[in-house]
Structures are given as C-alpha cells and as structure tokens.
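Q: For reference, the structure I am asking about is given below.
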Amino acid sequence: MSTATIEQPTTPRVGEPAAAPSLLRLTRVELRKSYDTRAGFWLLLVVALASLAVVLLQLFFADEPDKTFDMFFATTQLPVGLLLPVVGILLVTSEWSQRTAMTTFALVPARSRVLTAKVLAGVVLGLLGVAAAAVASALGALLTPVLTEDSSAWGVSGAQVGQAVLVQVITILIGIAFGMLLLSSPLAIVLYFVLPTVVTIVSNTVGSLTWMRDWLDLTTTTGPMYDGSLDGQGWAQVATSVALWGLAPMVAGWIRIVRSEIG
Amino acid sequence: MITVEHLTKRYGAQLAVSDVSFSCAPGTVTGFLGPNGAGKSTTLRAVCGLTLPTSGTATVGGRPYRELPNAGRHVGVLLDAGAQHSGRTGREALTLAALVQGVPRTRVDEVLEHVGLAGKPAGKRVGKYSLGMRQRLGLAMALLGDPQVLILDEPANGLDPDGIFWMRGLLRGFADRGGTVLLSSHLLREVEAVADQLVVIAGGRIVAQGSSAELLASTGSLVRARDSAALTAALTAAGIGAVPGLADGLVADAPAEAVGLAAATAGVALLELRPAGGDRLEELFRSLTGPSAGTSPTTATQIQETRA
C-alpha cells in the first residue's frame, strides 16, 4: 500500500447545506445491499434457479392439463415465497450481525427513513420475485410443445396475477418484520419457519382450534392466493393472520430500533 | 464545532458517562483520552446520535446529530472499524455510502487513493482485511462526504507506526484547513503529537481538560536521589509537594532550581533533576490505566485532586 506521498485535499467545506437523501435513493441503496454480498447474490440466484427447476420438473413429469402458463405460474410461487422472506430477513438482520447498522444510522440518523426504505425495497423484491416466476412460467409454456408431445396454453386471470403479487409482497414483508423484531439472522430465519409451522400443525390436529387455523394460520389463509382463488371472507382471514405475523412484529421491532442504542 | 454539555448516560444502575462537558473548535484537533471502559465510546456514540443520553446534550455545528439532514456531508464518523459487512468489498462499502450521501462515484476512488487502499485492496472483501486496512477503510468512509467535522474512535488501533504517522499528518492537515477533529485514544503518546486540546476521561467523568501545551508543559520537576526517603523529607521541609514518579523518582511541584536548593540544604545527593515536561499528565494517565485504577468515580476525583 502506498500511503504517505499523496497530497489529496480534504478541505473541509463551510456551511454548504446538503439535502437529505430521498426515500427513492435510500430504497435503491437497500436494494443494492440485497445483492452486493456473496450471500445475497446467491440467495437471489437460487430463487430464480428454483423457479426454473420447478418449471422443468412440471414440464417433464406432470400431466398435460398441468402444463399451462397459469399452472406453471402457480407452482413457481412456492419456491419464490419460500426463499424471498429470507432475503427480507437478511436485509434487516445483516445490519446487526455484520454491525453495519452503526455506519447506516450514522449516515442517516433518521432511522425510520432507513426502515421505510427497507420495506419499500422488500415490495420491489416481491414484485421482482413474481416477475422471475412469470419468466420461468413463460419458458415452461413456450417449451412444453417443443420438448414434450403435450400442448400448452397461455391464459391467466388477472386475479391470479394480482393475488400472487400481493402474497409475495406480504410474505417478504413478514420476513422483514421478523428481522426487525429479532435482529439476529439465525434466530429470525429459524423462528420464521418454525413458529407458523407449529401453529399449522397444532391448529390442524386440535379439533377445537379450527378458528385458529382459519384466522391465524398463514399457510391456510394465504394458500388460495397462490392460484388466485381467494375471495369473500378469505380476505378478512388473510388480514387477521398478516396482522399477527407481519404487522405486530414489524411495529414492535420498528419502535425498538428507533429507540435503541446502536453499536 | 462539537459541543457536549452535561452529558450523562446511565445503564440501569451503572453510570457510564457522568456530566461530561467539552467543546471542540474548528481548526483544532481534540484528543479524547481515557482507559478502556472510561466512557469514551459511549460519549462519542451519544454525539453521533447512536445512543440517547440520559440527560445533557451534544451538538455538531450547533445542531443535534439526529437533525443533520445529510449527516455524512457534515460529519465524518469512524466509531468501529469492524462495523463493515465482511462480504462486501472495500469499494462496494464506500459506493453504498456515496449513494446515500449523493456524492459522485469518482469520490470513492479519490478516498481509496487517499487512504492507500486503491488498486487491489479496494476489490478485496472486507472480511479479508487486516485491522489496519479496516481502519483505513473507516477513515475513507469518514472522509467520503468531504465533511467539516471528523469524529474518530481509536482510529490508530491496528495501524503500524508508519500508518499512525500518516494519520497524524492527515488529521493535522484537515484541522489546519479549518476542520474540527475529535479523536479518542487510550494511549497518550498516540495523540499528544497531534492534539491541540486534550480531554481526559476516567470512570465516566472528565478528570483533566485543557490545551495540550498547558497540560503537557508543567512547572514541576522530575527528581531522583539515592535516598528517596531523605529526598521526600527534604522536599517536605522546603514546603514542596511531590508525588511518586516513574521508577524510584519523584515528580516535585516546583521548578528544578527550588528542588535543587532544597536537596542541597538537606545534603541529599541527587542522581537526576530535570523539568518534568508532560510527565505529570503521563503520571495521571498511568494511574488511571494502571492495574489499581478502578472505574469508580472516587478514584477519578482523588486523581483530580492530586492534579489540582
């Protein structure tokens, strides 16, 4: 390393006010943080590859009626919905496990703005996840007649696309909420997968707990959204379960981060 | 300009920082000295809005840090060289900060060059950096927004002697161009060469504060005799206060001439007699960092009294 000889001026400027970074700029920074580390990059790549993999499996091993675009699109939501929340969790917890929160909040002392940017980045990532699933599904529909003897179809309902987008955004935001509440990557990832599963198992086995399954179990409430069949009372059931698993931890975590000591 | 007024931070029953006040003027380097656990980092984190003080205030350029719209453009902060994502390259860490602050990307290469990380080191992941390289990256991060104020916690940690010399030059130059520098250290020797002002903290309280010239130049003398007891008696007889110094020497509270006369009157043979220079501060500092020094406020008060 050459050090001594360079006479770079670091002249301190006087008075010139610098504008606060816009929310758009902060969101772009948060998006960049989601892929500029080795872990983040591979995780996103795995999301894309997993969508492709399920499409290929379906293409070669499913029956003909299942090889339409909308069927591919429904299946690809699963790997995306499984892995994107981990991206969301890491978007928050890596700031603590890697201790970058100190740098982040020293640069942007208005902590709520950083957290808002993380939520917005989560929404964008959810949209990108659905887009990746759509691309993989299109490839499936395109290649089905080429690689197999079956035919495919391109029709998809607006409800299916809309609900897929919504459920993916909700899912990654729940990941972010778990991250905000727990501030630890391993803890947040483990609890994110274990807790809702426990609720699913318990509410499905204990007969008197069917209300819990219908209103608080995410797997049950959001299940219809993956193929766009959610309607009526289902929306209220999605809302209550998301309030429990997403809204509550996010509000609690948010308040704690804004008030807590960093570093 | 940094102003800290009556800053107090309490964690449960433990008082980490108690009624700390000092200010740093533009064009100066302030050395914030104290043993480990004295409250330096807590104070600096409070200045940077990362810790909410229990009471008291801290402002940078007249405003609380949390109200700075684009903090990095006003204040360059290096609180912990380890606070970087190990999976990002040095250049990427700086690029993110540049995006947040809205400074051009070319500035990233400038600061990399400036701190000696240009070229290959810039493309390495921070996880592979040595502590010295992380400190350099931290300094680059602090300088990135071209701030008027630098706040650095133990920036010399992990730097080799060359690096420390280089950093002194950098900080001196920054202050000479009108910037304000506040840097902490647990080693007096590390900052005395560059600091215009010293603030010494122990047990959460400020125990000494003043210009370096004032604190380091002392009217006392360092004196050593074969018979220390006789020397102490001779000084006491002459009404000169003395405290034990390094080795078997004494630091006497009088000019060399008076000490020499007192010794001659009592017939004590001296081995050494010279102006003490900064030895009193060194002594104060050594007693704070020594094994017997606790972080209890009473120790600090006692020391403050011996100093006064």
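Note on naming: chains are A, B, ... as they come in the structure tokens, residues start from 1 per chain, ligands start from 1 in the order shown.
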With 6 Å as the cut-off and only C-alpha atoms counted, what is the closest atom pair between each nearby residue of chain B and chain A? Distances in Å to one decimal, ordered by chain and number, as a Markdown table.
A:
| residue | atom | partner | partner_atom | distance |
| --- | --- | --- | --- | --- |
| B:Leu50 | CA | A:Ile262 | CA | 5.2 |
| B:Thr51 | CA | A:Glu261 | CA | 4.8 |
| B:Arg66 | CA | A:Pro109 | CA | 5.0 |
| B:Pro69 | CA | A:Ala20 | CA | 4.5 |
| B:Asn70 | CA | A:Ala20 | CA | 4.6 |
| B:Ala71 | CA | A:Leu107 | CA | 5.3 |
| B:Gly72 | CA | A:Leu107 | CA | 5.1 |
| B:Ala83 | CA | A:Arg99 | CA | 4.7 |
| B:Gln84 | CA | A:Thr100 | CA | 5.2 |
| B:His85 | CA | A:Gln98 | CA | 5.1 |
| B:Gly87 | CA | A:Thr37 | CA | 5.1 |
| B:Arg88 | CA | A:Thr37 | CA | 5.3 |
| B:Gly116 | CA | A:Thr3 | CA | 4.7 |
| B:Pro147 | CA | A:Pro12 | CA | 5.7 |
| B:Gln148 | CA | A:Pro12 | CA | 4.5 |
| B:Trp166 | CA | A:Ala4 | CA | 6.0 |
| B:Arg177 | CA | A:Thr11 | CA | 6.0 |
| B:Gly179 | CA | A:Pro12 | CA | 5.5 |
Q: Would you output that residue set with N, CA and C atoms, as a CSV table (one decimal), in the first residue's frame?
A:
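The result, stored in selection_27.csv:
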chain,number,residue,atom,x,y,z
B,50,LEU,N,-26.3,7.8,18.1
B,50,LEU,CA,-26.5,6.3,18.1
B,50,LEU,C,-26.9,5.9,19.5
B,51,THR,N,-26.6,6.7,20.5
B,51,THR,CA,-27.1,6.5,21.9
B,51,THR,C,-27.8,7.7,22.4
B,66,ARG,N,-28.9,14.0,15.2
B,66,ARG,CA,-30.0,13.4,14.6
B,66,ARG,C,-30.8,14.4,13.7
B,69,PRO,N,-29.5,16.8,8.1
B,69,PRO,CA,-30.3,16.2,7.0
B,69,PRO,C,-29.4,15.1,6.3
B,70,ASN,N,-28.2,15.5,6.0
B,70,ASN,CA,-27.3,14.5,5.3
B,70,ASN,C,-26.0,14.4,6.1
B,71,ALA,N,-26.1,13.6,7.2
B,71,ALA,CA,-25.0,13.6,8.2
B,71,ALA,C,-23.6,13.5,7.7
B,72,GLY,N,-23.5,12.6,6.7
B,72,GLY,CA,-22.1,12.3,6.2
B,72,GLY,C,-21.5,13.4,5.5
B,83,ALA,N,-17.2,-2.4,12.0
B,83,ALA,CA,-18.6,-2.3,11.6
B,83,ALA,C,-18.8,-2.3,10.1
B,84,GLN,N,-18.2,-3.2,9.4
B,84,GLN,CA,-18.4,-3.3,7.9
B,84,GLN,C,-18.8,-4.7,7.6
B,85,HIS,N,-19.7,-4.9,6.6
B,85,HIS,CA,-20.1,-6.2,6.1
B,85,HIS,C,-18.9,-6.9,5.5
B,87,GLY,N,-18.7,-9.4,3.8
B,87,GLY,CA,-18.9,-10.0,2.4
B,87,GLY,C,-18.9,-8.9,1.3
B,88,ARG,N,-18.7,-7.6,1.7
B,88,ARG,CA,-18.6,-6.6,0.7
B,88,ARG,C,-17.2,-6.2,0.5
B,116,GLY,N,-4.8,5.0,0.9
B,116,GLY,CA,-3.8,3.9,0.5
B,116,GLY,C,-4.5,2.6,0.3
B,147,PRO,N,-16.5,16.2,4.8
B,147,PRO,CA,-17.2,16.8,6.0
B,147,PRO,C,-16.3,17.9,6.6
B,148,GLN,N,-16.9,18.7,7.5
B,148,GLN,CA,-16.2,19.7,8.2
B,148,GLN,C,-15.7,19.2,9.6
B,166,TRP,N,1.2,8.7,9.3
B,166,TRP,CA,0.4,9.2,8.1
B,166,TRP,C,-0.9,9.8,8.6
B,177,ARG,N,-6.9,23.2,7.8
B,177,ARG,CA,-7.8,23.8,6.7
B,177,ARG,C,-9.1,24.2,7.3
B,179,GLY,N,-11.0,22.4,9.6
B,179,GLY,CA,-11.9,21.3,10.1
B,179,GLY,C,-11.8,21.1,11.6
Q: Please extract the residues of region 13-179 of chain B with a backbone DSSP assignment of strand (DSSP E) and present them as a ChimeraX atom specification.
A: /B:14-24,29-33,55-60,75-78,149-152
Q: Would you work out the distance separating CA of Pro53 (chain B) from CA of Leu15 (chain B), expressed in Å to one decimal?
A: 11.2 Å
Q: Point out the residue among B:Ala254, B:Val268, B:Ile206, B:Leu99 with the least atom-to-atom distance to Thr8 (chain B), counting only C-alpha atoms.
A: B:Ile206
Q: Point out the residue among A:Gly140, A:Gly158, A:Pro196, A:Pro224 with the least atom-to-atom distance to Met212 (chain A), counting only C-alpha atoms.
A: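 Using only C-alpha atoms, Met212 (chain A) sits closest to A:Pro196.
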Q: Quick one: residues within 12 Å of Trp245 (chain A), only C-alpha atoms, excluding same-chain residues fewer than 2 positions away - as a CSV table (one decimal) with N, CA and C atoms, in the first residue's frame?
A:
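What ended up in result.csv:
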chain,number,residue,atom,x,y,z
A,170,ILE,N,-46.5,-9.6,0.7
A,170,ILE,CA,-46.8,-9.8,2.1
A,170,ILE,C,-45.8,-10.8,2.7
A,171,THR,N,-45.4,-11.8,2.0
A,171,THR,CA,-44.5,-12.8,2.6
A,171,THR,C,-43.1,-12.2,2.8
A,172,ILE,N,-42.6,-11.4,1.9
A,172,ILE,CA,-41.3,-10.9,2.1
A,172,ILE,C,-41.4,-9.8,3.2
A,173,LEU,N,-42.5,-9.1,3.3
A,173,LEU,CA,-42.6,-8.1,4.4
A,173,LEU,C,-42.7,-8.8,5.8
A,174,ILE,N,-43.3,-10.0,5.8
A,174,ILE,CA,-43.3,-10.7,7.1
A,174,ILE,C,-41.9,-11.1,7.5
A,175,GLY,N,-41.1,-11.5,6.4
A,175,GLY,CA,-39.7,-11.7,6.7
A,175,GLY,C,-39.0,-10.5,7.3
A,176,ILE,N,-39.2,-9.4,6.7
A,176,ILE,CA,-38.6,-8.1,7.2
A,176,ILE,C,-39.1,-7.8,8.6
A,177,ALA,N,-40.4,-8.1,8.9
A,177,ALA,CA,-40.9,-7.9,10.2
A,177,ALA,C,-40.2,-8.8,11.2
A,178,PHE,N,-40.0,-10.1,10.9
A,178,PHE,CA,-39.3,-11.0,11.8
A,178,PHE,C,-37.9,-10.4,12.0
A,179,GLY,N,-37.2,-10.0,10.9
A,179,GLY,CA,-35.9,-9.4,11.1
A,179,GLY,C,-35.9,-8.2,12.0
A,181,LEU,N,-37.9,-7.5,14.4
A,181,LEU,CA,-38.2,-7.8,15.8
A,181,LEU,C,-37.0,-8.5,16.4
A,191,LEU,N,-37.1,-19.0,13.5
A,191,LEU,CA,-38.4,-18.8,14.0
A,191,LEU,C,-39.4,-18.5,12.9
A,192,TYR,N,-38.9,-17.9,11.8
A,192,TYR,CA,-39.8,-17.6,10.7
A,192,TYR,C,-40.4,-18.9,10.1
A,193,PHE,N,-39.5,-19.9,10.1
A,193,PHE,CA,-40.0,-21.2,9.5
A,193,PHE,C,-40.7,-22.1,10.5
A,195,LEU,N,-42.2,-21.2,13.8
A,195,LEU,CA,-43.4,-20.8,14.5
A,195,LEU,C,-44.7,-21.0,13.7
A,196,PRO,N,-44.8,-20.4,12.5
A,196,PRO,CA,-46.0,-20.6,11.7
A,196,PRO,C,-46.3,-22.1,11.5
A,199,VAL,N,-47.9,-23.5,14.5
A,199,VAL,CA,-49.3,-23.1,14.5
A,199,VAL,C,-50.2,-24.0,13.5
A,215,TRP,N,-58.2,-18.4,10.9
A,215,TRP,CA,-58.0,-17.0,11.0
A,215,TRP,C,-56.5,-16.6,11.3
A,216,LEU,N,-55.7,-17.4,11.9
A,216,LEU,CA,-54.4,-17.0,12.2
A,216,LEU,C,-53.3,-17.8,11.5
A,217,ASP,N,-53.6,-19.0,10.9
A,217,ASP,CA,-52.6,-19.8,10.3
A,217,ASP,C,-52.3,-19.3,8.9
A,218,LEU,N,-51.1,-18.7,8.7
A,218,LEU,CA,-50.8,-18.1,7.4
A,218,LEU,C,-50.9,-19.1,6.2
A,219,THR,N,-50.4,-20.3,6.5
A,219,THR,CA,-50.4,-21.3,5.4
A,219,THR,C,-51.8,-21.6,4.9
A,221,THR,N,-54.5,-19.5,5.5
A,221,THR,CA,-55.2,-18.3,4.9
A,221,THR,C,-54.7,-17.8,3.6
A,238,VAL,N,-57.0,-13.5,5.7
A,238,VAL,CA,-55.7,-13.1,5.4
A,238,VAL,C,-55.2,-11.9,6.2
A,239,ALA,N,-56.2,-10.9,6.3
A,239,ALA,CA,-55.8,-9.7,7.0
A,239,ALA,C,-55.5,-10.0,8.5
A,240,THR,N,-56.3,-10.8,9.2
A,240,THR,CA,-56.0,-11.1,10.6
A,240,THR,C,-54.7,-11.8,10.8
A,241,SER,N,-54.4,-12.8,9.9
A,241,SER,CA,-53.2,-13.6,10.1
A,241,SER,C,-52.0,-12.7,9.8
A,242,VAL,N,-52.1,-11.8,8.8
A,242,VAL,CA,-51.0,-11.0,8.4
A,242,VAL,C,-50.8,-9.9,9.6
A,243,ALA,N,-51.9,-9.5,10.2
A,243,ALA,CA,-51.7,-8.6,11.3
A,243,ALA,C,-50.9,-9.2,12.4
A,247,LEU,N,-47.7,-7.4,10.8
A,247,LEU,CA,-47.9,-6.1,11.4
A,247,LEU,C,-47.4,-6.0,12.8
A,248,ALA,N,-47.8,-6.9,13.6
A,248,ALA,CA,-47.4,-6.8,15.1
A,248,ALA,C,-45.9,-6.9,15.2
A,249,PRO,N,-45.2,-7.9,14.7
A,249,PRO,CA,-43.7,-7.9,14.9
A,249,PRO,C,-43.0,-6.6,14.3
A,250,MET,N,-43.6,-6.2,13.1
A,250,MET,CA,-43.0,-5.0,12.5
A,250,MET,C,-43.1,-3.7,13.3
A,251,VAL,N,-44.3,-3.5,13.9
A,251,VAL,CA,-44.5,-2.4,14.7
A,251,VAL,C,-43.6,-2.4,16.0
A,252,ALA,N,-43.6,-3.6,16.6
A,252,ALA,CA,-42.8,-3.7,17.8
A,252,ALA,C,-41.3,-3.6,17.5
Q: Considering only C-alpha atoms, can you say which of B:Thr30, B:Gln101, B:Asn157, B:Thr43 comes closest to His6 (chain B)?
A: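 Checking each candidate against His6 (chain B), we get B:Thr43 as the closest.
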Q: Using only C-alpha atoms, determine which residues lie at most 10 Å from Lys9 (chain B), disregarding the query and same-chain residues fewer than 6 positions distant; provide the list as a ChimeraX atom specification.
A: /B:15-20,39,42-43,46,51-56,204
Q: Which one of A:Ser152, A:Gln163, A:Ser203, A:Ser51 sits closest to Asp63 (chain A) if you count only C-alpha atoms?
A: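 Residue with the minimum atom-to-atom distance to Asp63 (chain A): A:Ser152.
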Q: For Gly81 (chain A), find every residue with an atom within 7 Å (counting only C-alpha atoms), except residues of its own chain fewer than 3 positions away, and show them as a PyMOL selection string.
A: chain A and resi 77-78+84-85+168+171
Q: Between CA of Cys24 (chain B) and CA of Met1 (chain B), what is the distance, to one decimal in Å?
A: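 So the answer is 5.6 Å.
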